[in-house]
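Undergrad: File work15.cif follows (mmCIF, C-alpha atoms):
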data_final
#
loop_
_atom_site.label_atom_id
_atom_site.label_comp_id
_atom_site.auth_asym_id
_atom_site.auth_seq_id
_atom_site.Cartn_x
_atom_site.Cartn_y
_atom_site.Cartn_z
CA MET A 9 31.45 17.05 -16.78
CA ALA A 10 27.76 17.40 -16.04
CA LYS A 11 26.73 20.04 -13.55
CA LYS A 12 25.26 18.73 -10.32
CA ARG A 13 21.62 19.68 -9.73
CA GLU A 14 20.84 21.89 -6.78
CA ARG A 15 18.49 20.72 -4.03
CA ARG A 16 15.77 23.24 -4.87
CA THR A 17 15.92 22.26 -8.55
CA ILE A 18 15.42 18.60 -7.66
CA ILE A 19 12.44 19.53 -5.47
CA ARG A 20 10.99 21.66 -8.27
CA ASP A 21 11.44 18.82 -10.76
CA ILE A 22 9.71 16.30 -8.48
CA LEU A 23 6.79 18.66 -7.84
CA LYS A 24 6.46 19.50 -11.55
CA GLU A 25 6.35 15.81 -12.46
CA ILE A 26 3.60 15.14 -9.89
CA ASN A 27 1.68 18.20 -11.07
CA LYS A 28 1.94 17.13 -14.72
CA ALA A 29 0.67 13.62 -13.98
CA LYS A 30 -1.98 14.74 -11.42
CA SER A 31 -1.24 11.56 -9.46
CA ILE A 32 1.82 9.37 -9.93
CA LYS A 33 3.09 6.04 -8.66
CA PRO A 34 6.37 6.06 -6.73
CA THR A 35 8.30 3.95 -9.24
CA ARG A 36 7.41 6.19 -12.17
CA LEU A 37 8.32 9.27 -10.13
CA LEU A 38 11.64 7.67 -9.11
CA TYR A 39 12.57 7.07 -12.75
CA SER A 40 11.55 10.54 -13.88
CA SER A 41 13.38 12.24 -10.99
CA ASN A 42 16.67 10.59 -11.98
CA LEU A 43 17.69 10.05 -8.36
CA SER A 44 19.05 7.02 -6.54
CA PRO A 45 16.38 5.16 -4.52
CA GLN A 46 18.01 6.34 -1.27
CA MET A 47 18.02 10.01 -2.30
CA PHE A 48 14.49 9.67 -3.68
CA LYS A 49 13.21 8.38 -0.33
CA GLU A 50 14.85 11.29 1.48
CA TYR A 51 13.31 13.90 -0.83
CA ILE A 52 9.86 12.28 -0.72
CA SER A 53 9.98 12.06 3.06
CA GLU A 54 10.87 15.75 3.29
CA LEU A 55 8.14 16.78 0.83
CA LEU A 56 5.57 14.75 2.77
CA ASP A 57 6.74 16.23 6.10
CA LYS A 58 6.48 19.76 4.69
CA ASN A 59 3.02 19.03 3.27
CA LEU A 60 4.05 19.83 -0.32
CA ILE A 61 2.79 16.43 -1.48
CA SER A 62 0.36 13.87 -0.12
CA GLU A 63 0.25 10.11 -0.36
CA GLU A 64 -2.90 8.24 -1.35
CA LYS A 65 -3.33 4.49 -1.08
CA GLU A 66 -5.75 2.59 -3.28
CA LYS A 67 -5.85 -1.13 -2.49
CA THR A 68 -2.28 -2.25 -3.17
CA HIS A 69 -1.15 0.87 -5.04
CA LYS A 70 0.34 4.07 -3.69
CA PHE A 71 0.16 7.45 -5.43
CA PHE A 72 1.63 10.86 -4.78
CA LEU A 73 -0.45 14.01 -5.26
CA LEU A 74 0.46 17.67 -5.17
CA THR A 75 -1.09 19.64 -2.30
CA LYS A 76 -2.26 23.26 -2.44
CA LYS A 77 0.98 24.24 -0.70
CA GLY A 78 2.96 22.34 -3.36
CA LYS A 79 1.13 24.16 -6.16
CA ASP A 80 1.81 27.48 -4.44
CA PHE A 81 5.50 26.58 -4.21
CA LEU A 82 5.65 25.86 -7.96
CA GLU A 83 3.96 29.17 -8.77
CA LYS A 84 6.35 31.16 -6.58
CA TYR A 85 9.34 29.26 -7.92
CA ALA A 86 8.29 30.08 -11.51
CA GLU A 87 7.99 33.76 -10.56
CA LEU A 88 11.47 33.68 -9.00
CA GLU A 89 12.96 32.02 -12.10
CA ALA A 90 11.33 34.65 -14.33
CA MET A 91 12.72 37.45 -12.17
CA ILE A 92 16.23 35.97 -12.27
CA LYS A 93 15.99 35.57 -16.04
CA ASN A 94 14.84 39.20 -16.44
CA PHE A 95 17.95 40.37 -14.60
CA GLY A 96 20.13 38.21 -16.84
CA LEU A 97 21.51 36.10 -14.02
#
Would you put the structure from the file into structure tokens?

TA:
Amino acid sequence: MAKKRERRTIIRDILKEINKAKSIKPTRLLYSSNLSPQMFKEYISELLDKNLISEEKEKTHKFFLLTKKGKDFLEKYAELEAMIKNFGL
């Protein structure tokens, strides 16, 4: 049975996908996040509220961008993962 992803891992994955694309449309991000539409909306709402991502609108299209705070989160998360790996956990 597949292991369930943790909340912080899902957040990291969403932020990494936005960072990789520079700006990304919601539908593409939904597919790459592998979440249900309901769960996706909840995570995006939280990330917007916490200012980790921003939303840009261009005519009829909407895009998500990573904020400075979101980039800082990814950097710190990578440091934490490296530390955990160094301790063999």

Undergrad: Which distance in Å separates atom CA of Ala86 of chain A and atom CA of Lys70 of chain A, to one decimal?

TA: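 If I compute the distance from atom CA of Ala86 of chain A to atom CA of Lys70 of chain A, I get 28.3 Å.
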
Undergrad: Quick one: of A:Asn59, A:Glu50, A:Ser40, A:Ala90, who's nearest to Arg15 of chain A, counting only C-alpha atoms?

TA: A:Glu50

Undergrad: So how far away is atom CA of Glu25 of chain A from atom CA of Lys11 of chain A, in Å?

TA: 20.8 Å

Undergrad: Suppose a student applies the PyMOL selection byres ((chain A and resi 37) around 9) to this structure; what residues should they get, written as a list in words?

TA: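 Checking the PyMOL selection byres ((chain A and resi 37) around 9) against this file, the residues are Ile22, Glu25, Ile26, Ile32, Lys33, Pro34, Thr35, Arg36, Leu38, Tyr39, Ser40, Ser41, Asn42, Phe48 and Phe72 of chain A.
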
Undergrad: Quick one: residues within 8 Å of Gly78 of chain A, all atoms listed in the file counted, chain neighbours fewer than 2 positions away excluded, as a short mmCIF file (atom, residue, chain, number, x, y, z; two decimals) with C-alpha atoms, keeping the file's coordinate frame?

TA:
data_model
loop_
_atom_site.label_atom_id
_atom_site.label_comp_id
_atom_site.auth_asym_id
_atom_site.auth_seq_id
_atom_site.Cartn_x
_atom_site.Cartn_y
_atom_site.Cartn_z
CA LEU A 23 6.79 18.66 -7.84
CA ASN A 59 3.02 19.03 3.27
CA LEU A 60 4.05 19.83 -0.32
CA ILE A 61 2.79 16.43 -1.48
CA LEU A 74 0.46 17.67 -5.17
CA THR A 75 -1.09 19.64 -2.30
CA LYS A 76 -2.26 23.26 -2.44
CA ASP A 80 1.81 27.48 -4.44
CA PHE A 81 5.50 26.58 -4.21
CA LEU A 82 5.65 25.86 -7.96
#

Undergrad: Can you work out which one of A:Lys30, A:Met91, A:Leu56, A:Tyr85 has the shortest atom-to-atom distance to Leu73 of chain A, counting all atoms listed in the file?

TA: A:Lys30

Undergrad: Would you mind reading off the distance between atom CA of Ser31 of chain A and atom CA of Ile19 of chain A, one decimal, in Å?

TA: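 Atom CA of Ile19 of chain A lies 16.3 Å from atom CA of Ser31 of chain A.
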
Undergrad: Of the candidates A:Arg13, A:Asn27, A:Glu83, A:Arg20, which one gets nearest to Ser62 of chain A if we count all atoms listed in the file?

TA: A:Asn27
